[in-house]
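K.L.:
The structure under discussion is supplied below as structure tokens; questions concerning it will follow.
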2 protein chains.
Amino acid sequence: MAEKRRSPCAMSVKAHAFSVEALIGAEKRRRTSGDGDLFPGYEDRQDVLDLPGSPGLRAGRASTSDQGSEADCPSDGSPESDDAPLERPQPVASCAAAPGTGTGEETRVELQGSDLWKRFHEIGTEMIITKAGRRMFPAMRVKITDLDPHQQYYIAMDIIPVDNKRYRYVYHSSKWMVAGNADSPVPPRVYIHPDSPASGETWMRQVVSFDKLKLTNNELDDQGHIILHSMHKYQPRVHVIHKECGDDLSPVRAVPDGEGTRTFSFPETVFTTVTAYQNQQITRLKIDRNPFAKGFRDSGRNRMGLEALVESYAFWRPSQPCPCQEYPQT
Amino acid sequence: MAEKRRSPCAMSVKAHAFSVEALIGAEKRRRTSGDGDLFPGYEDRQDVLDLPGSPGLRAGRASTSDQGSEADCPSDGSPESDDAPLERPQPVASCAAAPGTGTGEETRVELQGSDLWKRFHEIGTEMIITKAGRRMFPAMRVKITDLDPHQQYYIAMDIIPVDNKRYRYVYHSSKWMVAGNADSPVPPRVYIHPDSPASGETWMRQVVSFDKLKLTNNELDDQGHIILHSMHKYQPRVHVIHKECGDDLSPVRAVPDGEGTRTFSFPETVFTTVTAYQNQQITRLKIDRNPFAKGFRDSGRNRMGLEALVESYAFWRPSQPCPCQEYPQT
DNA sequence: AGTTTGACACCTAGGTGTTAACCT
DNA sequence: AGGTTAACACCTAGGTGTCAAACT
């Protein structure tokens with residue numbers, strides 16, 4: 001039942017058709033009207049912190065929003081935004097919650113490396129997007145607990161707009177300012193964790209990392225990367241989806257809502273997309289923490305490596321050999 | 001070292017428990033008696049060539065052996081062996097064939113890059129095994145056709161002994177000679193293709209590559225690599241396993257036999273395991289064809305790169321700067 | 001003497017921010 | 001003037017055969 005309908009790929013998820021479907025624009029995706037102050041359909045689970053009020057509450061699709069914890073991670077950059085993602089109405093799914101035992105009602109998702117995330121967030125996290133696709137740094141890494149060990153789940157990630165605004169970075173004040181309304185929606189993309197599907201036991205034993213996920217500004221992307229607009233604010237979300245409810249799951253459709261799907265997000269992971277870094281503090285922190293940027297670290301700058309040596313030699317080396325050099329240091 | 005990021009897990013297949021089970025020796029694995037001339041339980045599918053007699057025949061666990069096609073790929077190295085794998089009795093599986101429509105009776109698996117395989121085979125293919133695990137070169141790459149597009153399958157690979165012999169390479173005659181009986185069996189390992197499980201449609205759309213598979217001689221390996229004895233002859237096999245029949249599938253147990261499992265092997269992929277190459281022709285061909293060995297190609301040997309340049313500079317460079325060099329080329 | 005091991009130089013493959021050119 | 005792009009040097013990560021030493 002509900003196996004594979006019109007999608008060319010019968011197998012529900014793994015290597016879905018990126019080719020044609022990828023070019024189809026997003027339709028019933030999200031409202032672009034001004035509802036930036038409501039946060040339904042947005043279940044949050046802050047880090048190690050539990051909600052004071054009703055932690056596990058989850059009624060249908062309108063669930064609690066953990067906006068209060070945002071206070072722990074103030075963003076000094078966005079005057080008009082509160083870093084809470086827009087509502088994104090999703091098609092009503094027919095999938096029911098897991099039958100029998102624990103339905104995952106108490107499932108918890110904990111962000112790993114949130115200290116680093118918060119350091120970025122305090123400055124105002126920026127993520128570069130390129131045509132070919134760029135990884136996020138830091139990458140989303142979560143630890144999942146209280147799954148049913150014997151049930152099968154998909155773990156997926158998507159990234160939703162925080163508001164309907166477009167931003168601009170004002171250098172002289174080192175602040176992000178609203179620069180207008182958001183651009184038109186991009187094709188929906190979902191990053192399905194490559195280990196999916198797997199048992200609850202498997203997911204819980206490891207840290208689930210989304211480091212292979214890539215961001216792009218190419219709306220015609222056919223690599224399955226997540227498509228975003230530059231100079232917009234976004235909120236990554238993690239979805240835990242029961243296997244039986246994953247039939248509608250696709251890299252090129254919005255994550256289906258329903259009883260078998262639980263969604264988590266972390267306010268400190270909000271970021272602004274850029275094609276080149278705006279805030280130099282962000283650049284510094286990225287260089288300092290991302291191993292792949294080690295070449296730009298100060299210790300690397302002051303190096304006296306082979307190239308520097310060759311350069312200094314080149315300075316006093318003649319274009320043609322100098323006879324006086326042929327018998328060095330006699 | 002390659003993918004140590006994966007932690008052990010107990011999900012049915014994906015990344016099964018490598019930890020403890022891996023240390024358990026193989027028990028009901030294969031007979032080491034002298035039945036080297038019989039080939040039951042060994043279904044073969046030669047390349048593009050079809051069997052002349054009964055191609056798709058497959059009755060229970062005793063299936064046809066495609067030994068005849070071996071004549072196409074003569075091995076000049078092994079006097080006593082005929083490159084046909086030993087029988088390996090497997091536990092009787094309770095899984096029945098796929099219900100309803102096509103059971104995959106006509107499934108075909110075609111070896112990709114068989115030209116290269118045959119060039120190696122003509123010399124006498126050798127594969128290096130190391131403690132840390134070594135990839136195969138060439139890697140097994142197959143194209144699968146005539147699966148049921150809507151069924152789910154696992155694709156797996158294992159490697160079985162060709163005979164009960166241990167070999168030795170005699171340099172002066174450039175030939176492999178029998179050097180005694182095989183060592184005692186190693187723990188069984190199965191490489192489950194990382195895209196598993198996937199639909200028939202998904203598998204058929206792509207070339208299925210086993211290039212991430214690694215070979216090791218470490219019987220205590222906990223990385224999930226395939227454990228082999230050095231100086232023995234082996235035959236890789238590809239298994240197509242119905243999802244419903246994959247419950248017994250595990251990286252550390254022999255591939256379950258049964259109606260839902262089909263097995264394919266290609267005589268030209270037989271190889272002898274070594275810890276250092278014996279036949280220099282093999283070394284040359286590996287260097288010539290494996291991109292990662294490009295540094296050993298002749299064209300690479302004659303390079304005049306930066307290092308060579310620096311070396312030559314060092315030859316006539318003085319220990320202290322020469323004044324006459326401060327104003328070059330006036 | 002035959003086989004195995006580990007350090008090594010040399011590659012592939014690809015993730016960084018930088019920079020200059022380009023676009024609008 | 002602000003935003004984007006592509007080439008680039010510089011990294012990480014890891015797959016090669018080589019070689020000398022160690023093992024048995």
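Within each chain, counting starts at residue 1; across the structure tokens, chains are named A, B, ... in the order shown, with ligands numbered 1 upward in that order.
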Pull out every residue of chain D that has at least one atom within 8 Å of chain B, counting only C-alpha atoms (C1' of nucleotides), and report them as a VMD selection string.
P.N.:
chain D and resid 14 to 17
K.L.:
Counting only C-alpha atoms (C1' of nucleotides), what is within 8 Å of range 115-132 of chain B, bar same-chain residues fewer than 4 positions away, as an MDAnalysis selection string?
P.N.:
chainID B and resid 1 73:77 136:138 215:218 221 228 230 268:278 281:282 285
K.L.:
Distance limit 8 Å, atoms considered: only C-alpha atoms (C1' of nucleotides). Which chain C residues sit that close to chain A? Return them as a list of chain:residue names.
P.N.:
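My answer is C:DG15, C:DT16, C:DG17.
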K.L.:
Could you write those residues out with C-alpha atoms (C1' of nucleotides), as a PDB file, in the first residue's frame?
P.N.:
```pdb
ATOM      1  C1'  DG C  15      36.589  20.992   0.683  1.00  0.00           C
ATOM      2  C1'  DT C  16      38.493  25.974   2.060  1.00  0.00           C
ATOM      3  C1'  DG C  17      38.682  31.216   1.594  1.00  0.00           C
TER       4       DG C  17
END
```
K.L.:
Using only C-alpha atoms, find the one residue out of A:Gly246, A:Pro194, A:Pro267, A:Gly224 that sits nearest to chain B.
P.N.:
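Nearest candidate to chain B out of A:Gly246, A:Pro194, A:Pro267, A:Gly224: A:Pro194.
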K.L.:
For a quick check of understanding, using only C-alpha atoms, which of A:Gly180, A:Pro188, A:Pro161, A:Gly200 has the smallest distance to chain B?
P.N.:
A:Gly200
K.L.:
With DSSP run on the backbone, what are the helix (DSSP H, G or I) residues within range 125-311 of chain A? I'd like them as an MDAnalysis selection string.
P.N.:
chainID A and resid 200:205 243:248 267:269 280:289 291:296 298:301 306:311
K.L.:
Give me every strand (DSSP E or B) residue in range 163-215 of chain A, going by DSSP on the backbone, as an mmCIF file with all heavy atoms, in the first residue's frame.
P.N.:
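out-v7.cif was written with the following content:
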```
data_model
loop_
_atom_site.group_PDB
_atom_site.id
_atom_site.type_symbol
_atom_site.label_atom_id
_atom_site.label_comp_id
_atom_site.auth_asym_id
_atom_site.auth_seq_id
_atom_site.Cartn_x
_atom_site.Cartn_y
_atom_site.Cartn_z
ATOM 1 N N LYS A 165 11.856 38.009 4.246
ATOM 2 C CA LYS A 165 12.707 39.165 3.960
ATOM 3 C C LYS A 165 13.963 38.789 3.191
ATOM 4 O O LYS A 165 14.441 37.659 3.246
ATOM 5 C CB LYS A 165 13.108 39.839 5.286
ATOM 6 C CG LYS A 165 11.930 40.315 6.112
ATOM 7 C CD LYS A 165 11.077 41.300 5.315
ATOM 8 C CE LYS A 165 9.859 41.744 6.144
ATOM 9 N NZ LYS A 165 8.938 42.562 5.318
ATOM 10 N N ARG A 166 14.462 39.790 2.526
ATOM 11 C CA ARG A 166 15.788 39.713 1.915
ATOM 12 C C ARG A 166 16.682 40.657 2.702
ATOM 13 O O ARG A 166 16.245 41.717 3.135
ATOM 14 C CB ARG A 166 15.695 40.138 0.441
ATOM 15 C CG ARG A 166 17.007 40.273 -0.268
ATOM 16 C CD ARG A 166 16.805 40.667 -1.730
ATOM 17 N NE ARG A 166 17.358 39.666 -2.626
ATOM 18 C CZ ARG A 166 18.652 39.603 -2.939
ATOM 19 N NH1 ARG A 166 19.483 40.486 -2.445
ATOM 20 N NH2 ARG A 166 19.093 38.670 -3.758
ATOM 21 N N TYR A 167 17.911 40.260 2.900
ATOM 22 C CA TYR A 167 18.798 41.032 3.774
ATOM 23 C C TYR A 167 19.981 41.632 3.018
ATOM 24 O O TYR A 167 20.317 41.209 1.919
ATOM 25 C CB TYR A 167 19.306 40.158 4.921
ATOM 26 C CG TYR A 167 18.226 39.832 5.928
ATOM 27 C CD1 TYR A 167 17.360 38.774 5.722
ATOM 28 C CD2 TYR A 167 18.060 40.617 7.057
ATOM 29 C CE1 TYR A 167 16.358 38.493 6.636
ATOM 30 C CE2 TYR A 167 17.065 40.341 7.980
ATOM 31 C CZ TYR A 167 16.210 39.278 7.761
ATOM 32 O OH TYR A 167 15.217 39.000 8.659
ATOM 33 N N ARG A 168 20.548 42.593 3.654
ATOM 34 C CA ARG A 168 21.786 43.201 3.159
ATOM 35 C C ARG A 168 22.683 43.474 4.346
ATOM 36 O O ARG A 168 22.238 43.886 5.412
ATOM 37 C CB ARG A 168 21.459 44.501 2.418
ATOM 38 C CG ARG A 168 22.628 45.479 2.379
ATOM 39 C CD ARG A 168 22.278 46.772 1.745
ATOM 40 N NE ARG A 168 21.655 46.572 0.434
ATOM 41 C CZ ARG A 168 21.334 47.575 -0.361
ATOM 42 N NH1 ARG A 168 21.547 48.814 0.018
ATOM 43 N NH2 ARG A 168 20.778 47.333 -1.524
ATOM 44 N N TYR A 169 23.961 43.266 4.136
ATOM 45 C CA TYR A 169 24.903 43.503 5.224
ATOM 46 C C TYR A 169 25.476 44.905 5.089
ATOM 47 O O TYR A 169 26.034 45.261 4.050
ATOM 48 C CB TYR A 169 26.026 42.473 5.196
ATOM 49 C CG TYR A 169 26.941 42.562 6.387
ATOM 50 C CD1 TYR A 169 26.530 42.088 7.625
ATOM 51 C CD2 TYR A 169 28.195 43.109 6.268
ATOM 52 C CE1 TYR A 169 27.362 42.159 8.723
ATOM 53 C CE2 TYR A 169 29.046 43.187 7.370
ATOM 54 C CZ TYR A 169 28.608 42.714 8.592
ATOM 55 O OH TYR A 169 29.432 42.789 9.676
ATOM 56 N N VAL A 170 25.313 45.671 6.129
ATOM 57 C CA VAL A 170 25.824 47.042 6.104
ATOM 58 C C VAL A 170 27.181 47.057 6.804
ATOM 59 O O VAL A 170 27.284 46.832 8.016
ATOM 60 C CB VAL A 170 24.853 47.998 6.819
ATOM 61 C CG1 VAL A 170 25.394 49.422 6.749
ATOM 62 C CG2 VAL A 170 23.479 47.917 6.180
ATOM 63 N N LYS A 175 26.128 45.261 10.517
ATOM 64 C CA LYS A 175 24.815 44.700 10.841
ATOM 65 C C LYS A 175 24.048 44.273 9.596
ATOM 66 O O LYS A 175 24.224 44.851 8.528
ATOM 67 C CB LYS A 175 23.996 45.716 11.624
ATOM 68 C CG LYS A 175 24.320 45.748 13.104
ATOM 69 C CD LYS A 175 23.403 46.699 13.842
ATOM 70 C CE LYS A 175 23.450 46.487 15.340
ATOM 71 N NZ LYS A 175 24.791 46.194 15.867
ATOM 72 N N TRP A 176 23.217 43.265 9.801
ATOM 73 C CA TRP A 176 22.321 42.842 8.730
ATOM 74 C C TRP A 176 21.053 43.666 8.789
ATOM 75 O O TRP A 176 20.437 43.796 9.842
ATOM 76 C CB TRP A 176 21.985 41.355 8.869
ATOM 77 C CG TRP A 176 23.106 40.446 8.473
ATOM 78 C CD1 TRP A 176 24.028 39.876 9.301
ATOM 79 C CD2 TRP A 176 23.415 40.014 7.151
ATOM 80 N NE1 TRP A 176 24.902 39.109 8.574
ATOM 81 C CE2 TRP A 176 24.544 39.169 7.252
ATOM 82 C CE3 TRP A 176 22.853 40.239 5.897
ATOM 83 C CZ2 TRP A 176 25.128 38.558 6.139
ATOM 84 C CZ3 TRP A 176 23.423 39.630 4.790
ATOM 85 C CH2 TRP A 176 24.559 38.805 4.905
ATOM 86 N N MET A 177 20.643 44.211 7.652
ATOM 87 C CA MET A 177 19.434 45.016 7.588
ATOM 88 C C MET A 177 18.481 44.415 6.560
ATOM 89 O O MET A 177 18.902 43.819 5.570
ATOM 90 C CB MET A 177 19.767 46.451 7.158
ATOM 91 C CG MET A 177 20.889 47.101 7.956
ATOM 92 S SD MET A 177 20.368 47.536 9.615
ATOM 93 C CE MET A 177 19.417 49.017 9.282
ATOM 94 N N VAL A 178 17.211 44.599 6.821
ATOM 95 C CA VAL A 178 16.219 44.133 5.845
ATOM 96 C C VAL A 178 16.354 44.958 4.570
ATOM 97 O O VAL A 178 16.466 46.176 4.618
ATOM 98 C CB VAL A 178 14.799 44.256 6.411
ATOM 99 C CG1 VAL A 178 13.766 43.983 5.329
ATOM 100 C CG2 VAL A 178 14.618 43.290 7.573
ATOM 101 N N ALA A 179 16.352 44.274 3.438
ATOM 102 C CA ALA A 179 16.564 44.955 2.160
ATOM 103 C C ALA A 179 15.389 44.771 1.219
ATOM 104 O O ALA A 179 15.478 45.073 0.037
ATOM 105 C CB ALA A 179 17.843 44.451 1.508
ATOM 106 N N GLY A 180 14.302 44.229 1.748
ATOM 107 C CA GLY A 180 13.141 44.031 0.887
ATOM 108 C C GLY A 180 12.480 42.697 1.165
ATOM 109 O O GLY A 180 12.809 42.013 2.137
ATOM 110 N N ASN A 181 11.529 42.369 0.345
ATOM 111 C CA ASN A 181 10.836 41.103 0.530
ATOM 112 C C ASN A 181 11.603 39.953 -0.107
ATOM 113 O O ASN A 181 12.440 40.144 -0.984
ATOM 114 C CB ASN A 181 9.429 41.174 -0.060
ATOM 115 C CG ASN A 181 8.503 41.988 0.838
ATOM 116 O OD1 ASN A 181 8.675 42.006 2.057
ATOM 117 N ND2 ASN A 181 7.555 42.680 0.220
ATOM 118 N N TYR A 191 17.145 16.632 2.125
ATOM 119 C CA TYR A 191 18.325 15.768 2.209
ATOM 120 C C TYR A 191 17.984 14.583 3.092
ATOM 121 O O TYR A 191 17.787 14.724 4.302
ATOM 122 C CB TYR A 191 19.504 16.536 2.784
ATOM 123 C CG TYR A 191 20.750 15.699 2.955
ATOM 124 C CD1 TYR A 191 21.612 15.491 1.890
ATOM 125 C CD2 TYR A 191 21.059 15.122 4.174
ATOM 126 C CE1 TYR A 191 22.758 14.727 2.034
ATOM 127 C CE2 TYR A 191 22.209 14.355 4.330
ATOM 128 C CZ TYR A 191 23.049 14.165 3.259
ATOM 129 O OH TYR A 191 24.184 13.408 3.409
ATOM 130 N N ILE A 192 17.883 13.439 2.472
ATOM 131 C CA ILE A 192 17.591 12.218 3.224
ATOM 132 C C ILE A 192 18.910 11.600 3.645
ATOM 133 O O ILE A 192 19.767 11.312 2.807
ATOM 134 C CB ILE A 192 16.784 11.232 2.357
ATOM 135 C CG1 ILE A 192 15.464 11.892 1.941
ATOM 136 C CG2 ILE A 192 16.551 9.936 3.091
ATOM 137 C CD1 ILE A 192 14.800 11.229 0.768
ATOM 138 N N ALA A 198 16.981 3.010 8.449
ATOM 139 C CA ALA A 198 17.715 2.198 9.414
ATOM 140 C C ALA A 198 16.860 2.057 10.677
ATOM 141 O O ALA A 198 15.904 2.810 10.880
ATOM 142 C CB ALA A 198 19.061 2.831 9.744
ATOM 143 N N SER A 199 17.233 1.118 11.516
ATOM 144 C CA SER A 199 16.455 0.868 12.729
ATOM 145 C C SER A 199 16.716 1.949 13.767
ATOM 146 O O SER A 199 17.751 2.616 13.752
ATOM 147 C CB SER A 199 16.843 -0.493 13.309
ATOM 148 O OG SER A 199 18.179 -0.450 13.780
ATOM 149 N N VAL A 208 24.321 11.284 14.243
ATOM 150 C CA VAL A 208 23.842 11.415 12.870
ATOM 151 C C VAL A 208 24.344 12.736 12.307
ATOM 152 O O VAL A 208 23.967 13.811 12.767
ATOM 153 C CB VAL A 208 22.308 11.355 12.817
ATOM 154 C CG1 VAL A 208 21.822 11.468 11.377
ATOM 155 C CG2 VAL A 208 21.813 10.067 13.447
ATOM 156 N N SER A 209 25.204 12.630 11.311
ATOM 157 C CA SER A 209 25.844 13.827 10.765
ATOM 158 C C SER A 209 25.318 14.154 9.378
ATOM 159 O O SER A 209 25.113 13.278 8.550
ATOM 160 C CB SER A 209 27.358 13.623 10.699
ATOM 161 O OG SER A 209 27.968 14.732 10.085
ATOM 162 N N LYS A 214 24.731 19.631 0.871
ATOM 163 C CA LYS A 214 25.266 20.811 0.208
ATOM 164 C C LYS A 214 24.188 21.816 -0.130
ATOM 165 O O LYS A 214 23.061 21.451 -0.452
ATOM 166 C CB LYS A 214 26.022 20.409 -1.066
ATOM 167 C CG LYS A 214 27.367 19.799 -0.787
ATOM 168 C CD LYS A 214 28.152 19.595 -2.069
ATOM 169 C CE LYS A 214 29.538 19.076 -1.788
ATOM 170 N NZ LYS A 214 30.305 18.869 -3.039
ATOM 171 N N LEU A 215 24.606 23.074 -0.087
ATOM 172 C CA LEU A 215 23.705 24.197 -0.365
ATOM 173 C C LEU A 215 24.060 24.795 -1.727
ATOM 174 O O LEU A 215 25.233 24.943 -2.065
ATOM 175 C CB LEU A 215 23.897 25.272 0.706
ATOM 176 C CG LEU A 215 23.125 25.231 2.020
ATOM 177 C CD1 LEU A 215 22.750 23.811 2.427
ATOM 178 C CD2 LEU A 215 23.931 25.901 3.132
#
```
K.L.:
When you count only C-alpha atoms, which of these residues is closest to chain A: B:Asp288, B:Asp257, B:Glu219, B:Asp148?
P.N.:
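Among the listed residues, B:Asp148 lies closest to chain A.
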K.L.:
Go through A:Arg262, A:His150, A:Lys212, A:Lys233 one by one, measure the shortest atom-to-atom distance of each to chain B using only C-alpha atoms, and give the residue with the smallest value.
P.N.:
A:His150
K.L.:
List as a compact mmCIF listing (two decimals) with all heavy atoms, in the first residue's frame the protein and nucleic acid residues near Val142 in chain A, meaning an atom at most 6 Å away when only C-alpha atoms (C1' of nucleotides) are counted, but skip any in the same chain fewer than 3 places from it.
P.N.:
```
# COMPACT_ATOMS: atom_id res chain seq x y z
N GLU A 110 19.05 15.78 19.94
CA GLU A 110 19.95 16.73 20.61
C GLU A 110 21.03 17.19 19.64
O GLU A 110 21.70 16.37 19.01
CB GLU A 110 20.57 16.02 21.82
CG GLU A 110 21.58 16.83 22.59
CD GLU A 110 22.26 15.96 23.65
OE1 GLU A 110 21.61 15.06 24.22
OE2 GLU A 110 23.45 16.21 23.92
N LEU A 111 21.19 18.48 19.55
CA LEU A 111 22.21 19.03 18.65
C LEU A 111 23.60 18.81 19.21
O LEU A 111 23.86 19.11 20.38
CB LEU A 111 21.96 20.53 18.42
CG LEU A 111 22.95 21.25 17.51
CD1 LEU A 111 22.84 20.75 16.09
CD2 LEU A 111 22.74 22.76 17.58
N GLN A 112 24.50 18.30 18.39
CA GLN A 112 25.90 18.14 18.79
C GLN A 112 26.68 19.38 18.36
O GLN A 112 26.41 19.97 17.33
CB GLN A 112 26.51 16.90 18.14
CG GLN A 112 25.77 15.61 18.44
CD GLN A 112 25.86 15.24 19.90
OE1 GLN A 112 24.87 15.33 20.62
NE2 GLN A 112 27.02 14.81 20.34
N VAL A 207 26.21 9.22 16.19
CA VAL A 207 25.87 10.61 15.95
C VAL A 207 25.49 10.74 14.48
O VAL A 207 26.24 10.32 13.60
CB VAL A 207 27.05 11.54 16.29
CG1 VAL A 207 26.78 12.94 15.77
CG2 VAL A 207 27.29 11.57 17.79
N VAL A 208 24.32 11.28 14.24
CA VAL A 208 23.84 11.41 12.87
C VAL A 208 24.34 12.74 12.31
O VAL A 208 23.97 13.81 12.77
CB VAL A 208 22.31 11.36 12.82
CG1 VAL A 208 21.82 11.47 11.38
CG2 VAL A 208 21.81 10.07 13.45
```
K.L.:
Which of these, A:Phe264, A:Tyr171, A:Trp203, A:Tyr154, has the shortest distance to chain B once you count only C-alpha atoms?
P.N.:
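Smallest separation from chain B among the options: A:Trp203.
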K.L.:
Closest to chain A among B:Thr263, B:Ser114, B:Gln280, B:Thr202, using only C-alpha atoms?
P.N.:
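Comparing B:Thr263, B:Ser114, B:Gln280, B:Thr202 against chain A, the winner is B:Thr202.
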